[in-house]
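Chemist: The following file, entry-v7.txt, comprises compact mmCIF, C-alpha atoms and all ligand atoms:
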```
# COMPACT_ATOMS: atom_id res chain seq x y z
CA MET A 1322 -21.44 -13.85 -32.58
CA PRO A 1323 -24.21 -11.21 -32.74
CA LEU A 1324 -26.58 -11.31 -29.79
CA ASP A 1325 -29.43 -11.07 -32.27
CA VAL A 1326 -28.60 -14.51 -33.69
CA LEU A 1327 -27.55 -16.20 -30.48
CA SER A 1328 -27.72 -19.97 -30.90
CA SER A 1329 -28.23 -22.55 -28.20
CA ASN A 1330 -24.50 -23.18 -28.10
CA LEU A 1331 -23.18 -21.24 -25.14
CA ASP A 1332 -19.70 -22.59 -25.91
CA ASP A 1333 -19.70 -20.34 -28.98
CA VAL A 1334 -20.50 -17.37 -26.77
CA ARG A 1335 -17.65 -18.28 -24.44
CA ARG A 1336 -15.27 -18.63 -27.37
CA TYR A 1337 -16.28 -15.77 -29.67
CA GLY A 1338 -18.06 -13.33 -27.35
CA LEU A 1339 -21.20 -11.42 -28.25
CA THR A 1340 -21.98 -8.36 -30.31
CA ARG A 1341 -25.23 -6.47 -30.66
CA LEU A 1342 -26.38 -4.78 -33.87
CA ASP A 1343 -28.06 -1.40 -33.34
CA LEU A 1344 -30.70 -1.48 -36.06
CA SER A 1345 -31.12 2.30 -36.22
CA THR A 1346 -27.43 3.15 -36.76
CA ARG A 1347 -26.28 -0.25 -38.10
CA ALA A 1348 -23.43 0.05 -35.58
CA VAL A 1349 -22.15 -3.14 -33.99
CA ALA A 1350 -21.53 -2.91 -30.26
CA ARG A 1351 -19.61 -5.40 -28.18
CA VAL A 1352 -21.66 -6.94 -25.36
CA ASP A 1353 -20.04 -7.65 -22.01
CA THR A 1354 -19.94 -11.43 -22.30
CA SER A 1355 -18.78 -11.98 -18.75
CA GLU A 1356 -21.90 -10.21 -17.45
CA PHE A 1357 -24.07 -12.27 -19.82
CA LEU A 1358 -22.42 -15.61 -19.05
CA ARG A 1359 -22.48 -14.95 -15.31
CA HIS A 1360 -26.17 -15.88 -15.47
CA PHE A 1361 -25.67 -19.09 -17.42
CA ASP A 1362 -22.47 -20.60 -16.00
CA GLY A 1363 -21.92 -22.33 -12.70
CA PRO A 1364 -24.20 -23.48 -9.90
CA ASP A 1365 -26.41 -20.38 -10.07
CA SER A 1366 -27.12 -20.76 -13.80
CA LEU A 1367 -30.56 -19.69 -15.02
CA LEU A 1368 -30.66 -22.44 -17.65
CA PRO A 1369 -32.33 -25.20 -15.56
CA GLN A 1370 -35.13 -22.81 -14.54
CA MET A 1371 -35.52 -21.69 -18.14
CA LEU A 1372 -35.73 -25.23 -19.48
CA HIS A 1373 -38.14 -26.28 -16.75
CA GLY A 1374 -40.28 -23.14 -17.20
CA VAL A 1375 -41.08 -23.48 -20.91
CA ALA A 1376 -44.68 -24.67 -20.99
CA ALA A 1377 -46.09 -27.21 -23.41
CA GLY A 1378 -48.23 -25.93 -26.21
CA ARG A 1379 -45.93 -23.55 -28.02
CA TRP A 1380 -46.35 -24.02 -31.75
CA ALA A 1381 -47.22 -21.87 -34.74
CA LEU A 1382 -48.40 -22.13 -38.28
CA HIS A 1383 -45.93 -19.86 -40.09
CA ALA A 1384 -47.37 -20.30 -43.59
CA PHE A 1385 -50.20 -22.14 -45.27
CA TYR A 1386 -50.64 -22.16 -49.05
CA PRO A 1387 -51.57 -24.24 -52.08
CA ALA A 1388 -48.73 -25.44 -54.36
CA ASN A 1389 -48.78 -27.94 -57.24
CA ASP A 1390 -52.19 -29.45 -56.43
CA GLN A 1391 -51.20 -29.84 -52.82
CA VAL A 1392 -51.58 -27.81 -49.66
CA ILE A 1393 -48.45 -26.90 -47.72
CA ALA A 1394 -48.25 -26.01 -44.03
CA ASP A 1395 -45.04 -24.63 -42.48
CA ILE A 1396 -44.98 -25.26 -38.76
CA GLY A 1397 -42.68 -24.45 -35.86
CA ILE A 1398 -42.90 -26.23 -32.52
CA VAL A 1399 -41.12 -26.13 -29.17
CA ILE A 1400 -40.91 -29.53 -27.48
CA PRO A 1401 -40.84 -29.16 -23.66
CA ALA A 1402 -37.49 -30.19 -22.16
CA SER A 1403 -39.23 -32.77 -19.98
CA ILE A 1404 -40.10 -35.04 -22.91
CA ALA A 1405 -37.97 -36.85 -25.48
CA ARG A 1406 -36.71 -34.49 -28.15
CA ASP A 1407 -37.78 -36.88 -30.91
CA ALA A 1408 -41.29 -37.39 -29.45
CA LYS A 1409 -43.51 -38.37 -32.35
CA PHE A 1410 -46.47 -36.22 -33.36
CA ARG A 1411 -48.64 -35.79 -36.42
CA LEU A 1412 -50.17 -32.70 -37.97
CA LEU A 1413 -53.78 -33.02 -39.11
CA LEU A 1414 -55.63 -30.75 -41.55
CA ASN A 1415 -59.38 -30.91 -40.90
CA GLY A 1416 -58.76 -34.39 -39.48
CA GLN A 1417 -56.68 -35.66 -42.44
CA THR A 1418 -53.13 -36.85 -41.94
CA GLU A 1419 -50.12 -35.40 -43.80
CA LEU A 1420 -49.05 -37.03 -47.05
CA ASP A 1421 -45.44 -36.08 -46.46
CA ARG A 1422 -43.22 -33.98 -44.20
CA ILE A 1423 -39.75 -32.44 -44.34
CA GLU A 1424 -38.12 -31.52 -41.01
CA HIS A 1425 -35.70 -28.70 -40.27
CA ARG A 1426 -34.70 -26.47 -37.34
CA ASP A 1427 -37.33 -23.79 -36.97
CA ARG A 1428 -35.81 -20.31 -37.32
CA VAL A 1429 -38.52 -18.33 -35.52
CA PHE A 1430 -38.52 -20.43 -32.36
CA SER A 1431 -34.75 -20.95 -32.53
CA TYR A 1432 -34.46 -17.21 -32.04
CA SER A 1433 -36.88 -16.92 -29.10
CA HIS A 1434 -35.84 -20.28 -27.54
CA TRP A 1435 -32.09 -20.18 -28.20
CA PHE A 1436 -31.46 -21.83 -24.80
CA MET A 1437 -33.39 -25.02 -25.67
CA PRO A 1438 -31.26 -28.09 -26.48
CA ALA A 1439 -30.97 -29.16 -30.11
CA GLY A 1440 -33.94 -31.20 -31.26
CA HIS A 1441 -36.39 -29.46 -28.93
CA VAL A 1442 -37.04 -26.67 -31.42
CA ARG A 1443 -38.31 -28.20 -34.61
CA GLY A 1444 -39.76 -26.99 -37.86
CA PHE A 1445 -41.43 -28.91 -40.61
CA ARG A 1446 -43.15 -28.47 -43.90
CA SER A 1447 -46.18 -30.74 -44.20
CA VAL A 1448 -47.95 -31.64 -47.42
CA PHE A 1449 -51.69 -32.37 -47.57
CA ALA A 1450 -54.12 -33.39 -50.28
CA PRO A 1451 -56.17 -30.35 -51.43
CA ASN A 1452 -59.52 -32.02 -50.81
CA ALA A 1453 -58.89 -31.58 -47.08
CA LEU A 1454 -59.93 -27.91 -47.34
CA GLY A 1455 -63.30 -26.48 -46.36
CA ASP A 1456 -63.93 -22.79 -45.59
CA TRP A 1457 -61.61 -23.03 -42.67
CA ALA A 1458 -58.49 -25.15 -42.41
CA ARG A 1459 -58.22 -26.50 -38.86
CA LEU A 1460 -54.73 -27.68 -38.03
CA SER A 1461 -54.16 -29.98 -35.07
CA ILE A 1462 -50.98 -31.34 -33.49
CA VAL A 1463 -51.43 -34.89 -32.19
CA PHE A 1464 -48.70 -36.52 -30.08
CA ASP A 1465 -48.55 -40.29 -29.99
CA GLU A 1466 -48.24 -42.35 -26.81
CA PRO A 1467 -46.70 -41.96 -24.30
CA TYR A 1468 -47.13 -38.20 -24.84
CA SER A 1469 -50.82 -37.99 -25.76
CA GLY A 1470 -51.38 -36.10 -22.48
CA LEU A 1471 -49.77 -33.12 -24.22
CA ASN A 1472 -52.47 -32.94 -26.87
CA ARG A 1473 -54.84 -30.74 -24.85
CA HIS A 1474 -52.07 -28.13 -24.47
CA PHE A 1475 -51.19 -27.88 -28.16
CA ARG A 1476 -54.33 -26.00 -29.20
CA ASP A 1477 -55.70 -26.16 -32.72
CA VAL A 1478 -55.01 -23.33 -35.17
CA TRP A 1479 -57.43 -22.09 -37.86
CA ASN A 1480 -56.51 -20.64 -41.23
CA TYR A 1481 -58.92 -19.18 -43.80
CA ALA A 1482 -59.11 -21.17 -47.02
CA HIS A 1483 -60.54 -18.65 -49.55
CA SER A 1484 -59.60 -15.03 -50.26
CA GLY A 1485 -63.31 -14.15 -50.35
CA MET A 1486 -63.23 -14.43 -46.55
CA LEU A 1487 -61.00 -11.35 -46.22
CA GLY A 1488 -63.78 -8.78 -46.82
CA GLY A 1489 -64.85 -6.26 -44.17
CA LEU A 1490 -61.63 -6.41 -42.15
CA PRO A 1491 -60.06 -3.33 -40.54
CA ASP A 1492 -57.28 -1.47 -42.38
CA VAL A 1493 -53.69 -2.54 -41.79
CA ALA A 1494 -52.78 0.48 -39.62
CA ARG A 1495 -55.49 -0.47 -37.13
CA ILE A 1496 -54.36 -4.08 -37.19
CA HIS A 1497 -50.76 -3.05 -36.48
CA ARG A 1498 -51.97 -1.06 -33.49
CA VAL A 1499 -53.54 -4.08 -31.80
CA ALA A 1500 -51.26 -6.84 -33.04
CA SER A 1501 -47.67 -6.51 -34.23
CA PRO A 1502 -46.02 -4.62 -37.10
CA ASN A 1503 -45.77 -8.00 -38.86
CA ALA A 1504 -49.52 -8.56 -38.70
CA ASN A 1505 -51.80 -8.20 -41.71
CA GLN A 1506 -55.43 -8.84 -42.63
CA PRO A 1507 -55.01 -12.62 -43.09
CA SER A 1508 -53.18 -13.03 -39.76
CA PHE A 1509 -55.82 -10.85 -38.06
CA LEU A 1510 -58.60 -13.06 -39.43
CA ASN A 1511 -56.81 -16.33 -38.61
CA GLY A 1512 -55.67 -15.21 -35.15
CA GLY A 1513 -59.16 -13.99 -34.26
CA LYS A 1514 -60.82 -17.22 -35.40
CA THR A 1515 -58.24 -19.33 -33.55
CA ALA A 1516 -58.63 -17.31 -30.34
CA PHE A 1517 -62.44 -17.37 -30.65
CA GLU A 1518 -62.59 -21.16 -31.13
CA ASN A 1519 -60.17 -21.89 -28.32
CA LEU A 1520 -61.95 -19.52 -25.90
CA CYS A 1521 -65.32 -21.10 -26.77
CA GLY A 1522 -63.79 -24.54 -26.13
CA ILE A 1523 -62.41 -23.51 -22.74
CA ALA A 1524 -65.66 -21.74 -21.74
CA LYS A 1525 -67.65 -24.89 -22.59
CA GLU A 1526 -65.29 -27.06 -20.57
CA PHE A 1527 -65.96 -24.81 -17.58
CA GLY A 1528 -69.74 -24.79 -18.00
CA VAL A 1529 -70.48 -21.73 -20.17
CA GLU A 1530 -71.88 -22.59 -23.60
CA VAL A 1531 -71.24 -19.68 -25.96
CA ARG A 1532 -72.48 -21.02 -29.29
CA ASN A 1533 -76.03 -21.95 -28.33
CA GLY A 1534 -77.90 -19.41 -26.27
CA ALA A 1535 -77.63 -15.65 -26.12
CA LYS A 1536 -74.98 -14.93 -23.56
CA SER A 1537 -74.07 -11.50 -22.40
CA VAL A 1538 -70.41 -11.18 -23.35
CA LEU A 1539 -67.84 -8.47 -22.54
CA ASP A 1540 -64.69 -8.06 -24.65
CA TRP A 1541 -62.33 -6.10 -22.40
CA GLY A 1542 -59.78 -4.34 -24.68
CA VAL A 1543 -61.77 -5.03 -27.84
CA GLY A 1544 -59.36 -3.20 -30.21
CA CYS A 1545 -60.84 -3.46 -33.70
CA GLY A 1546 -62.90 -6.54 -32.92
CA ARG A 1547 -60.54 -9.39 -33.81
CA LEU A 1548 -62.72 -11.83 -31.85
CA VAL A 1549 -66.04 -9.97 -31.92
CA ARG A 1550 -66.39 -10.49 -35.67
CA HIS A 1551 -66.50 -14.26 -35.00
CA PHE A 1552 -68.96 -13.90 -32.11
CA ASN A 1553 -71.13 -11.89 -34.54
CA LYS A 1554 -70.96 -14.58 -37.22
CA GLU A 1555 -71.21 -17.70 -35.14
CA THR A 1556 -73.23 -16.91 -32.02
CA ASP A 1557 -76.30 -14.99 -30.83
CA ALA A 1558 -74.30 -13.48 -27.98
CA ARG A 1559 -75.02 -9.87 -26.99
CA VAL A 1560 -71.54 -8.38 -27.18
CA THR A 1561 -70.27 -5.33 -25.33
CA GLY A 1562 -66.74 -4.14 -26.05
CA ILE A 1563 -64.68 -1.63 -24.09
CA ASP A 1564 -61.33 -0.06 -24.95
CA ILE A 1565 -59.20 2.97 -24.06
CA ASP A 1566 -58.65 3.66 -27.80
CA SER A 1567 -61.68 5.72 -28.88
CA ASP A 1568 -60.77 5.54 -32.57
CA ASN A 1569 -60.96 1.74 -32.61
CA VAL A 1570 -64.13 1.85 -30.51
CA ALA A 1571 -65.70 4.07 -33.21
CA TRP A 1572 -64.59 1.57 -35.88
CA CYS A 1573 -66.25 -1.27 -33.96
CA ASN A 1574 -69.52 0.69 -33.57
CA ALA A 1575 -69.55 1.37 -37.32
CA ASN A 1576 -68.62 -2.13 -38.49
CA LEU A 1577 -69.63 -4.77 -35.95
CA ARG A 1578 -72.77 -5.89 -34.10
CA GLY A 1579 -72.63 -4.95 -30.45
CA THR A 1580 -72.23 -1.99 -28.11
CA PHE A 1581 -68.78 -0.50 -27.84
CA HIS A 1582 -67.63 2.08 -25.29
CA THR A 1583 -64.45 4.07 -24.71
CA VAL A 1584 -63.29 3.77 -21.11
CA GLY A 1585 -60.73 5.77 -19.13
CA LEU A 1586 -57.23 4.49 -18.41
CA HIS A 1587 -58.27 3.72 -14.85
CA PRO A 1588 -61.47 2.15 -13.54
CA PRO A 1589 -64.30 2.41 -12.64
CA THR A 1590 -66.37 2.08 -15.81
CA GLU A 1591 -70.08 2.76 -16.11
CA LEU A 1592 -70.82 -0.93 -16.75
CA PRO A 1593 -73.47 -2.31 -14.36
CA ASP A 1594 -72.60 -4.80 -11.59
CA ALA A 1595 -72.72 -8.55 -12.36
CA ALA A 1596 -73.82 -7.95 -15.98
CA PHE A 1597 -71.77 -10.46 -18.00
CA ASP A 1598 -71.87 -14.26 -18.30
CA LEU A 1599 -68.60 -14.32 -20.18
CA ILE A 1600 -65.79 -11.77 -20.05
CA TYR A 1601 -62.65 -12.23 -22.05
CA ALA A 1602 -59.51 -10.15 -22.54
CA CYS A 1603 -56.96 -11.05 -25.19
CA SER A 1604 -53.60 -9.42 -24.65
CA VAL A 1605 -54.72 -6.63 -22.29
CA LEU A 1606 -53.23 -7.61 -18.92
CA SER A 1607 -50.02 -8.28 -20.82
CA HIS A 1608 -49.72 -4.49 -21.37
CA LEU A 1609 -50.52 -3.00 -17.95
CA THR A 1610 -48.35 -2.01 -14.98
CA GLU A 1611 -48.78 -3.96 -11.78
CA PRO A 1612 -51.10 -1.40 -10.04
CA ASP A 1613 -53.18 -0.93 -13.21
CA ALA A 1614 -53.59 -4.69 -13.65
CA ASP A 1615 -54.71 -5.01 -10.04
CA ALA A 1616 -57.21 -2.12 -10.25
CA TRP A 1617 -58.71 -3.44 -13.50
CA LEU A 1618 -59.06 -6.97 -12.14
CA ALA A 1619 -61.21 -5.59 -9.31
CA GLU A 1620 -63.39 -3.84 -11.91
CA ILE A 1621 -63.72 -6.96 -14.08
CA ALA A 1622 -64.67 -8.99 -10.98
CA ARG A 1623 -67.39 -6.42 -10.21
CA VAL A 1624 -69.08 -6.72 -13.63
CA LEU A 1625 -68.84 -10.55 -13.87
CA ALA A 1626 -72.15 -12.33 -13.16
CA PRO A 1627 -72.32 -15.07 -10.51
CA GLY A 1628 -71.99 -18.35 -12.41
CA GLY A 1629 -70.14 -16.57 -15.22
CA LEU A 1630 -66.57 -16.95 -16.39
CA ALA A 1631 -63.73 -14.54 -17.03
CA LEU A 1632 -61.05 -15.75 -19.46
CA LEU A 1633 -58.10 -13.38 -19.26
CA SER A 1634 -54.82 -13.82 -21.11
CA PHE A 1635 -51.46 -12.98 -19.55
CA HIS A 1636 -47.71 -13.34 -20.08
CA GLY A 1637 -46.71 -16.03 -17.57
CA THR A 1638 -43.49 -17.85 -16.75
CA SER A 1639 -43.01 -19.49 -20.12
CA ASN A 1640 -43.33 -16.33 -22.15
CA SER A 1641 -41.30 -14.28 -19.66
CA ILE A 1642 -38.46 -16.73 -20.26
CA SER A 1643 -38.48 -16.40 -24.02
CA TYR A 1644 -39.07 -12.61 -24.04
CA LEU A 1645 -36.33 -11.91 -21.48
CA SER A 1646 -33.90 -14.69 -22.42
CA ARG A 1647 -31.36 -12.14 -23.68
CA ARG A 1648 -31.83 -9.93 -20.61
CA PRO A 1649 -30.83 -12.37 -17.90
CA SER A 1650 -30.72 -9.89 -14.98
CA GLU A 1651 -34.34 -8.92 -15.68
CA LEU A 1652 -35.33 -12.54 -16.12
CA ARG A 1653 -33.71 -13.52 -12.84
CA ARG A 1654 -35.72 -10.81 -11.08
CA VAL A 1655 -38.98 -12.03 -12.65
CA LEU A 1656 -38.31 -15.68 -11.85
CA ALA A 1657 -37.62 -14.65 -8.24
CA GLY A 1658 -41.16 -13.27 -8.04
CA GLY A 1659 -40.81 -9.84 -9.64
CA PHE A 1660 -42.93 -8.06 -12.24
CA PHE A 1661 -41.42 -6.73 -15.49
CA ASP A 1662 -43.09 -3.71 -17.08
CA LYS A 1663 -40.15 -1.58 -18.24
CA ASP A 1664 -40.74 -1.81 -21.99
CA VAL A 1665 -43.08 1.07 -22.80
CA SER A 1666 -44.90 0.46 -26.07
CA ASN A 1667 -45.49 3.16 -28.68
CA ASP A 1668 -48.25 1.19 -30.37
CA LEU A 1669 -51.05 3.41 -29.02
CA LYS A 1670 -49.14 6.70 -29.19
CA GLY A 1671 -51.52 9.49 -30.19
CA PHE A 1672 -54.59 7.29 -29.59
CA ILE A 1673 -54.70 7.29 -25.79
CA PRO A 1674 -54.07 10.17 -23.39
CA SER A 1675 -50.70 8.88 -22.08
CA ASP A 1676 -47.42 7.77 -23.67
CA GLU A 1677 -46.44 5.83 -20.54
CA TYR A 1678 -49.52 3.73 -19.83
CA TYR A 1679 -49.19 0.91 -22.37
CA ARG A 1680 -46.30 -1.54 -21.86
CA GLN A 1681 -45.12 -5.10 -22.21
CA SER A 1682 -45.61 -6.82 -18.88
CA PHE A 1683 -44.51 -10.21 -17.61
CA SER A 1684 -44.41 -12.24 -14.43
CA THR A 1685 -44.47 -15.83 -13.26
CA ASP A 1686 -47.57 -18.03 -13.25
CA ILE A 1687 -47.39 -18.03 -9.44
CA TRP A 1688 -47.37 -14.23 -9.30
CA TRP A 1689 -50.40 -14.06 -11.61
CA ARG A 1690 -52.23 -16.76 -9.68
CA ARG A 1691 -51.78 -14.84 -6.44
CA THR A 1692 -53.03 -11.63 -8.10
CA PHE A 1693 -56.06 -13.29 -9.71
CA GLU A 1694 -56.98 -14.99 -6.44
CA LYS A 1695 -57.30 -11.61 -4.71
CA HIS A 1696 -60.29 -10.86 -6.94
CA PHE A 1697 -61.67 -14.16 -8.26
CA GLU A 1698 -62.05 -17.81 -7.57
CA MET A 1699 -59.44 -19.36 -9.83
CA ALA A 1700 -60.64 -22.41 -11.77
CA ALA A 1701 -57.57 -23.10 -13.94
CA VAL A 1702 -54.69 -21.78 -15.99
CA GLU A 1703 -54.77 -23.00 -19.59
CA VAL A 1704 -51.27 -22.74 -21.04
CA SER A 1705 -50.09 -21.32 -24.37
CA VAL A 1706 -53.59 -20.58 -25.67
CA LEU A 1707 -53.56 -17.09 -27.12
CA SER A 1708 -51.29 -16.75 -30.16
CA GLY A 1709 -49.62 -19.94 -28.89
CA PHE A 1710 -47.88 -18.15 -26.03
CA GLN A 1711 -50.21 -16.25 -23.69
CA HIS A 1712 -51.80 -18.32 -20.93
CA ILE A 1713 -55.49 -17.93 -20.11
CA ALA A 1714 -56.70 -17.62 -16.53
CA VAL A 1715 -60.12 -19.23 -16.06
CA LEU A 1716 -61.86 -17.24 -13.32
CA ARG A 1717 -65.18 -17.28 -11.48
CA LYS A 1718 -66.86 -14.69 -9.30
CA LYS A 1719 -65.92 -15.02 -5.64
C1 LIG A 1801 -52.78 -6.03 -27.92
S1 LIG A 1801 -54.24 -5.17 -28.15
C2 LIG A 1801 -55.41 -6.51 -28.34
C3 LIG A 1801 -56.74 -6.07 -28.90
C4 LIG A 1801 -57.78 -7.18 -28.99
N1 LIG A 1801 -58.09 -7.72 -27.68
C5 LIG A 1801 -57.30 -8.28 -29.91
O1 LIG A 1801 -57.07 -9.40 -29.43
O2 LIG A 1801 -57.13 -8.00 -31.09
C6 LIG A 1801 -54.65 -4.57 -26.54
C7 LIG A 1801 -55.89 -3.71 -26.52
O3 LIG A 1801 -56.22 -3.42 -25.16
C8 LIG A 1801 -56.60 -2.06 -25.09
N2 LIG A 1801 -56.41 -1.67 -23.68
C9 LIG A 1801 -55.25 -1.49 -23.01
N3 LIG A 1801 -55.48 -1.22 -21.73
C10 LIG A 1801 -56.82 -1.22 -21.58
C11 LIG A 1801 -57.68 -1.00 -20.48
N4 LIG A 1801 -57.21 -0.74 -19.26
N5 LIG A 1801 -59.01 -1.11 -20.65
C12 LIG A 1801 -59.52 -1.37 -21.89
N6 LIG A 1801 -58.74 -1.56 -22.97
C13 LIG A 1801 -57.42 -1.50 -22.81
C14 LIG A 1801 -55.73 -1.38 -26.10
O4 LIG A 1801 -56.23 -0.14 -26.50
C15 LIG A 1801 -55.74 -2.40 -27.24
O5 LIG A 1801 -56.85 -2.22 -28.08
```
With the file now loaded, output its structure as structure tokens.

Modeler:
Amino acid sequence: MPLDVLSSNLDDVRRYGLTRLDLSTRAVARVDTSEFLRHFDGPDSLLPQMLHGVAAGRWALHAFYPANDQVIADIGIVIPASIARDAKFRLLLNGQTELDRIEHRDRVFSYSHWFMPAGHVRGFRSVFAPNALGDWARLSIVFDEPYSGLNRHFRDVWNYAHSGMLGGLPDVARIHRVASPNANQPSFLNGGKTAFENLCGIAKEFGVEVRNGAKSVLDWGVGCGRLVRHFNKETDARVTGIDIDSDNVAWCNANLRGTFHTVGLHPPTELPDAAFDLIYACSVLSHLTEPDADAWLAEIARVLAPGGLALLSFHGTSNSISYLSRRPSELRRVLAGGFFDKDVSNDLKGFIPSDEYYRQSFSTDIWWRRTFEKHFEMAAVEVSVLSGFQHIAVLRKK
């Protein structure tokens, strides 16, 4: 069985072993199964921790399109191991219930959550009446009793409804640099709107109203303005954006409303003390080494106003488990309190003055909590908010 298509059935691995396909050479290499299984067999198995550590809230809208006078939504969802695998939930489109639904095993989440028991990774194709569409399609997952407590964790997702909304977006190369090679202009627009709405909702819950009233907002790691474009459209906020990628900063200054600055790889910045009512960072801490994350948190704490909020996304326990599920030695180290930052990313190569700085970084929620609490008063961790898998730390000035 190739490691790349590992299923949840460890018996198959025991029986047939594992192979890994090297995508560059197409060569198939045999994986040492005994080393792999050592982490999943016996009393010291990682599986219980993995099952326990997958947070609620992981779901995704894979596709959304009109077909035959109907609207179709393809969804994947991971049901936490702590609840019944056939827990009932509905999908709503702008508040309207599905007309019909076909269920299947979701392929995307089956890959990243291969260790989940059958029935806990589900996919379905939902059919809606077309009159449910406005400018934006808002999709909501609603669990029935006794699981309605989960509803606040499964955050709504927004999808644009008309191609006319795709104007003025950055080119695809820029989008790939700040998102993934699979990203495109529609996913950039949808992801930005979804992140913007969910951050506004969280900020409001914690006492900062973004939509009404000109707030001074800092986007740390602004990229090419995935969220700023929605702040520009829907709020009066005075936006400042900072990034280490001067080329994207120039794009923001030319195309968005706000003030955008290039900053060095290491703080301090020239931003004034206590200047911002709301600071957010989407997928920035998830790319820094441990010392860089710590140094930047001190800087962000310095520029946050008393009474303000910082909403910072990070890769916590749940996402460490899915990202490292095929690298059990690394995962074991992280779950024991370590920090993983070995995967250097080439995404910013040629755009920042170091090929080593930008990484994929992961640790447990407890590790992150301890680190945040050195610099901030911690109000909450909201799970699976950004892109359905990064948690958001809700932080106040100490
Ligand atoms: C994954 S991208 C996300 C961009 C944007 N926040 C978004 O959601 O589309 C991470 C961004 O953080 C920037 N970045 C990385 N480290 C940074 C740092 N220490 N200070 C400011 N920006 C940083 C990168 O250049 C990149 O634009």

Chemist: I want to know what sits within 12 Å of A:Asp1343, based on only C-alpha atoms, with residues of the same chain fewer than 3 positions away left out; could you give that as a ChimeraX atom specification?

Modeler: /A:1323-1325,1340,1346-1352

Chemist: Using only C-alpha atoms, which residue out of A:Leu1414, A:Ala1701, A:Ile1673, A:Val1560 lies closest to A:Trp1457?

Modeler: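 Of all the options, A:Leu1414 lies closest to A:Trp1457.
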
Chemist: List as number ranges by chain the protein and nucleic acid residues lying within 6 Å of ligand LIG 1801 (chain A), with all atoms listed in the file counted.

Modeler: A: 1499-1500, 1541-1544, 1547, 1563-1566, 1586, 1602-1605

Chemist: Please provide the set of residues having any atom within 7 Å of A:Thr1556, restricted to only C-alpha atoms, with same-chain residues fewer than 6 positions apart removed, written as number ranges by chain.

Modeler: A: 1531-1533

Chemist: Kindly indicate which residue among A:Gly1671, A:Gly1579, A:Gly1416, A:Gly1546 lies nearest to A:Ala1450, using all atoms listed in the file for the distances.

Modeler: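 Once distances to A:Ala1450 are computed over all atoms listed in the file, the minimum belongs to A:Gly1416.
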
Chemist: Give the centre and edge lengths of an axis-aligned box, in Å to one decimal, that holds all listed atoms of stretch 1467-1474 of chain A with 6 Å on each side, as JSON.

Modeler:
```
{"center_x": -50.8, "center_y": -35.0, "center_z": -24.7, "size_x": 20.1, "size_y": 25.8, "size_z": 16.4}
```

Chemist: Identify which of the residues A:Leu1606, A:Leu1599, A:Ala1482, A:Val1655 lies closest to A:Lys1718, counting only C-alpha atoms when measuring atom-to-atom distances.

Modeler: A:Leu1599

Chemist: Calculated over only C-alpha atoms, which of the candidates A:Gly1444, A:Gly1455, A:Gly1709, A:Gly1338 has the smallest distance to A:Ser1634?

Modeler: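 Closest candidate: A:Gly1709.
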
Chemist: For each of A:Ser1431, A:Asn1503, A:Ser1646, A:Ser1484, take the minimum atom-to-atom distance to A:Arg1443, counting all atoms listed in the file, then give the residue where this is smallest.

Modeler: A:Ser1431

Chemist: Return the single residue from A:Leu1625, A:Leu1656, A:Ala1524, A:Leu1716 that is closest to A:Ser1639, with distances computed using all atoms listed in the file.

Modeler: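 Smallest distance to A:Ser1639 is found for A:Leu1656.
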
Chemist: Work out how far atom CA of A:Ala1614 is from atom CA of A:Ser1675, in Å to one decimal.

Modeler: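 If I compute the distance from atom CA of A:Ser1675 to atom CA of A:Ala1614, I get 16.2 Å.
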